[in-house]
Structure formats: C-alpha cells, structure tokens
file upload33.pdb (PDB, C-alpha atoms and all ligand atoms)
ATOM      1  CA  MET A  77      45.245 -66.921  57.010
ATOM      2  CA  LEU A  78      48.134 -65.179  58.702
ATOM      3  CA  ARG A  79      47.563 -67.248  61.803
ATOM      4  CA  GLY A  80      47.753 -70.407  59.687
ATOM      5  CA  LEU A  81      51.069 -69.307  58.209
ATOM      6  CA  VAL A  82      52.490 -68.586  61.628
ATOM      7  CA  LEU A  83      51.434 -72.015  62.858
ATOM      8  CA  ALA A  84      52.934 -73.672  59.765
ATOM      9  CA  ALA A  85      56.245 -71.866  60.335
ATOM     10  CA  PHE A  86      56.204 -72.890  63.987
ATOM     11  CA  ALA A  87      55.575 -76.535  63.040
ATOM     12  CA  ALA A  88      58.408 -76.407  60.491
ATOM     13  CA  ALA A  89      60.773 -75.014  63.135
ATOM     14  CA  LEU A  90      59.860 -77.850  65.496
ATOM     15  CA  ALA A  91      60.417 -80.464  62.798
ATOM     16  CA  ALA A  92      63.832 -79.121  61.727
ATOM     17  CA  PRO A  93      66.679 -81.141  63.195
ATOM     18  CA  ALA A  94      68.678 -79.164  65.730
ATOM     19  CA  SER A  95      72.175 -78.452  64.508
ATOM     20  CA  PRO A  96      74.699 -80.612  66.312
ATOM     21  CA  ARG A  97      76.577 -79.306  69.334
ATOM     22  CA  VAL A  98      80.077 -78.179  68.442
ATOM     23  CA  VAL A  99      82.839 -79.275  70.800
ATOM     24  CA  HIS A 100      85.992 -77.212  70.414
ATOM     25  CA  VAL A 101      89.231 -79.120  70.860
ATOM     26  CA  SER A 102      92.629 -77.506  70.651
ATOM     27  CA  ALA A 103      95.887 -79.310  70.002
ATOM     28  CA  HIS A 104      99.245 -77.868  70.904
ATOM     29  CA  ARG A 105     102.617 -79.137  72.059
ATOM     30  CA  PHE A 106     101.977 -81.340  74.013
ATOM     31  CA  ALA A 107      98.336 -81.631  74.997
ATOM     32  CA  PHE A 108      94.751 -81.578  73.868
ATOM     33  CA  GLU A 109      92.290 -79.295  75.574
ATOM     34  CA  PRO A 110      90.007 -80.553  76.827
ATOM     35  CA  SER A 111      91.611 -83.952  77.316
ATOM     36  CA  THR A 112      88.295 -85.487  78.359
ATOM     37  CA  ILE A 113      85.300 -85.022  76.088
ATOM     38  CA  GLU A 114      81.877 -86.173  77.242
ATOM     39  CA  LEU A 115      79.404 -87.351  74.619
ATOM     40  CA  THR A 116      76.020 -89.041  74.653
ATOM     41  CA  VAL A 117      75.114 -92.217  72.749
ATOM     42  CA  GLY A 118      73.209 -91.428  69.578
ATOM     43  CA  VAL A 119      73.617 -87.656  69.824
ATOM     44  CA  PRO A 120      75.574 -86.195  66.911
ATOM     45  CA  VAL A 121      78.321 -83.706  67.661
ATOM     46  CA  ILE A 122      80.882 -81.849  65.629
ATOM     47  CA  LEU A 123      84.380 -82.086  67.051
ATOM     48  CA  GLU A 124      86.094 -78.958  65.801
ATOM     49  CA  VAL A 125      89.790 -79.629  66.231
ATOM     50  CA  ARG A 126      92.261 -76.781  65.947
ATOM     51  CA  ALA A 127      96.044 -76.915  65.858
ATOM     52  CA  LEU A 128      97.476 -73.930  67.686
ATOM     53  CA  ASP A 129     101.189 -74.166  67.020
ATOM     54  CA  ARG A 130     102.092 -76.738  64.386
ATOM     55  CA  LYS A 131     100.702 -79.763  62.578
ATOM     56  CA  HIS A 132      99.096 -82.367  64.841
ATOM     57  CA  GLY A 133      96.841 -85.360  64.411
ATOM     58  CA  PHE A 134      93.583 -86.281  66.089
ATOM     59  CA  ALA A 135      92.990 -90.014  66.060
ATOM     60  CA  VAL A 136      90.308 -92.112  67.748
ATOM     61  CA  PRO A 137      91.197 -95.596  66.485
ATOM     62  CA  GLU A 138      88.092 -97.329  67.859
ATOM     63  CA  LEU A 139      85.845 -94.904  65.979
ATOM     64  CA  GLY A 140      87.850 -94.965  62.763
ATOM     65  CA  ILE A 141      88.850 -91.301  63.057
ATOM     66  CA  ASP A 142      92.299 -90.077  62.083
ATOM     67  CA  ALA A 143      92.544 -86.462  60.985
ATOM     68  CA  VAL A 144      95.523 -84.199  60.401
ATOM     69  CA  VAL A 145      95.128 -80.650  61.657
ATOM     70  CA  VAL A 146      97.300 -77.746  60.615
ATOM     71  CA  PRO A 147      97.174 -74.248  62.088
ATOM     72  CA  GLY A 148      94.563 -72.089  60.396
ATOM     73  CA  HIS A 149      92.559 -75.060  59.085
ATOM     74  CA  PRO A 150      90.347 -76.557  61.780
ATOM     75  CA  GLN A 151      88.932 -80.002  61.129
ATOM     76  CA  ARG A 152      85.210 -80.462  61.693
ATOM     77  CA  LEU A 153      84.610 -84.116  62.505
ATOM     78  CA  ARG A 154      81.034 -85.321  62.794
ATOM     79  CA  VAL A 155      80.640 -88.058  65.387
ATOM     80  CA  VAL A 156      77.556 -90.024  66.400
ATOM     81  CA  PRO A 157      78.635 -92.260  69.286
ATOM     82  CA  GLY A 158      77.191 -95.721  68.821
ATOM     83  CA  ARG A 159      77.816 -97.210  72.234
ATOM     84  CA  VAL A 160      78.668 -96.387  75.816
ATOM     85  CA  GLY A 161      82.347 -96.510  76.727
ATOM     86  CA  SER A 162      85.674 -94.746  76.921
ATOM     87  CA  PHE A 163      87.543 -94.255  73.678
ATOM     88  CA  ALA A 164      91.138 -93.119  73.712
ATOM     89  CA  PHE A 165      92.325 -90.423  71.330
ATOM     90  CA  HIS A 166      95.862 -89.342  70.606
ATOM     91  CA  CYS A 167      98.012 -87.214  68.345
ATOM     92  CA  SER A 168      98.868 -89.181  65.220
ATOM     93  CA  VAL A 169     101.435 -86.802  63.759
ATOM     94  CA  PHE A 170     104.864 -86.717  65.396
ATOM     95  CA  CYS A 171     105.205 -83.221  66.811
ATOM     96  CA  GLY A 172     108.228 -83.318  69.072
ATOM     97  CA  SER A 173     109.586 -84.658  72.345
ATOM     98  CA  GLY A 174     106.245 -84.702  74.199
ATOM     99  CA  HIS A 175     104.239 -86.167  71.344
ATOM    100  CA  ASP A 176     103.571 -89.425  73.183
ATOM    101  CA  ASP A 177     101.855 -87.469  75.975
ATOM    102  CA  MET A 178      99.248 -86.020  73.620
ATOM    103  CA  ALA A 179      96.265 -88.135  74.468
ATOM    104  CA  GLY A 180      92.791 -87.981  75.883
ATOM    105  CA  THR A 181      89.508 -89.806  76.222
ATOM    106  CA  LEU A 182      86.061 -89.576  74.707
ATOM    107  CA  VAL A 183      83.635 -90.647  77.421
ATOM    108  CA  VAL A 184      80.334 -91.782  75.946
ATOM    109  CA  THR A 185      77.402 -92.131  78.328
ATOM    110  CA  ALA A 186      73.787 -93.203  77.970
ATOM    111  CA  PRO A 187      71.216 -90.450  77.510
ATOM    112  CA  LYS A 188      69.914 -89.019  80.755
ATOM    113  CA  VAL A 189      66.233 -89.710  81.310
TER
HETATM  114 CU    CU B   1     102.010 -85.182  68.112
END

call {"tool": "encode", "arguments": {"input": "upload33.pdb", "output": "structure tokens"}}
result
Amino acid sequence: MLRGLVLAAFAAALAAPASPRVVHVSAHRFAFEPSTIELTVGVPVILEVRALDRKHGFAVPELGIDAVVVPGHPQRLRVVPGRVGSFAFHCSVFCGSGHDDMAGTLVVTAPKV
C-alpha cells in the first residue's frame, strides 16, 4: 500500500511540467545585462527584467514584446521561442543621452540532441 503511494507520487512528479528557467535581465543607464540572451526553440523561459535606476523599456519587436519596467517592479515575461534566429531587443522608454545604445540580442538555437 505504502509502496504504491510512493510510486504514484513519483509518477506524478515525473509528469509535472518543469517550471520554466528564469533568465534575469537588468536594465540601467545605458545597457542591458546580459546583452546577449541564449534561448532554445520551443523551451519556455521567464525573462525577469529589472530596472535598476529609473524607468526603462524592454522591447523585442519581432516577438511582439514591449514592456515598461520601473525600479522595484520587475516584469516577468514568458517567452516560448518559435523559431531559430537572432532577435534584437532595445529600450523602448527614453531614459537619457545613451538611450539609443540600450540594445541586445536574443539568440534562439535549435535544441541540442
Ligand atoms: Cu532607454
């Protein structure tokens, strides 16, 4: 009986979807860190974007993402990359003289076999 319960719990744990990997991204004048984020096609991730100094934006136009981030309120953006490629992201909220330099790339690769 007990053994059956243990096996059932084990099977349930195997069946439960793993929680997505969380990728921490910080935004500050005038950069994102990291500026290159590597993702895998079909694998969900949470991009947790934090503003460290003032309001910034995190936009990935090709993926339809445009979020405003203010200090103290991280944005959790769920992304499931649909295809291989490089997708530019940038700050979409004017934040000062170096705003145009705030950019980076999501690099999406095929799953490793
Ligand atoms: Cu900006």

call {"tool": "resolve_selection", "arguments": {"input": "upload33.pdb", "expression": "the PyMOL selection byres (((chain A and resi 137) around 10) and not hetatm)", "output": "ChimeraX atom specification"}}
result
/A:134-136,138-142,163-166

call {"tool": "atom_distance", "arguments": {"input": "upload33.pdb", "atom1": "atom CA of Gly180 of chain A", "atom2": "atom CA of Ala127 of chain A"}}
result
15.3 Å

call {"tool": "closest_residue", "arguments": {"input": "upload33.pdb", "among": "A:Val169, A:Val144, A:Val98, A:Val125", "to": "ligand CU 1 (chain B)", "atoms": "only C-alpha atoms and all ligand atoms"}}
result
A:Val169

call {"tool": "residues_near_ligand", "arguments": {"input": "upload33.pdb", "ligand": "ligand CU 1 (chain B)", "cutoff": "8 Å", "atoms": "only C-alpha atoms and all ligand atoms", "output": "PyMOL selection string"}}
result
chain A and resi 105-106+131-133+166-172+174-176+178

call {"tool": "closest_residue", "arguments": {"input": "upload33.pdb", "among": "A:Ser102, A:Thr185, A:Gln151, A:Ser173", "to": "Ile122 of chain A", "atoms": "all atoms listed in the file"}}
result
A:Gln151

call {"tool": "closest_atom_pairs", "arguments": {"input": "upload33.pdb", "of": "segment 158-179 of chain A", "to": "segment 112-120 of chain A", "cutoff": "7 Å", "atoms": "all atoms listed in the file", "output": "CSV"}}
result
residue,atom,partner,partner_atom,distance
A:Gly158,CA,A:Val117,CA,5.7
A:Arg159,CA,A:Val117,CA,5.7
A:Val160,CA,A:Val117,CA,6.3

call {"tool": "closest_residue", "arguments": {"input": "upload33.pdb", "among": "A:Val101, A:Ala107, A:Ala143, A:Ala186", "to": "Leu123 of chain A", "atoms": "all atoms listed in the file"}}
result
A:Val101

call {"tool": "closest_residue", "arguments": {"input": "upload33.pdb", "among": "A:Val184, A:Val189, A:Leu128, A:Val155", "to": "Phe108 of chain A", "atoms": "only C-alpha atoms"}}
result
A:Leu128

call {"tool": "atom_distance", "arguments": {"input": "upload33.pdb", "atom1": "atom CA of Val146 of chain A", "atom2": "atom CA of Gly161 of chain A"}}
result
28.9 Å

call {"tool": "atom_distance", "arguments": {"input": "upload33.pdb", "atom1": "atom CA of His100 of chain A", "atom2": "atom CA of Arg126 of chain A"}}
result
7.7 Å

call {"tool": "closest_residue", "arguments": {"input": "upload33.pdb", "among": "A:Glu109, A:Arg97, A:Lys188, A:Asp129", "to": "Val145 of chain A", "atoms": "only C-alpha atoms"}}
result
A:Asp129

call {"tool": "axis_aligned_box", "arguments": {"input": "upload33.pdb", "around": "segment 112-115 of chain A", "padding_each_side": "3 Å", "output": "AutoDock Vina command-line options"}}
result
--center_x 83.8 --center_y -86.2 --center_z 76.5 --size_x 14.9 --size_y 8.3 --size_z 9.7

call {"tool": "residues_around", "arguments": {"input": "upload33.pdb", "residues": "Ser162 of chain A", "least_positions_apart": "4", "cutoff": "8 Å", "atoms": "only C-alpha atoms", "output": "ChimeraX atom specification"}}
result
/A:181-184

call {"tool": "closest_residue", "arguments": {"input": "upload33.pdb", "among": "A:Glu124, A:Leu153, A:Ala179, A:Arg130", "to": "Val99 of chain A", "atoms": "only C-alpha atoms"}}
result
A:Glu124
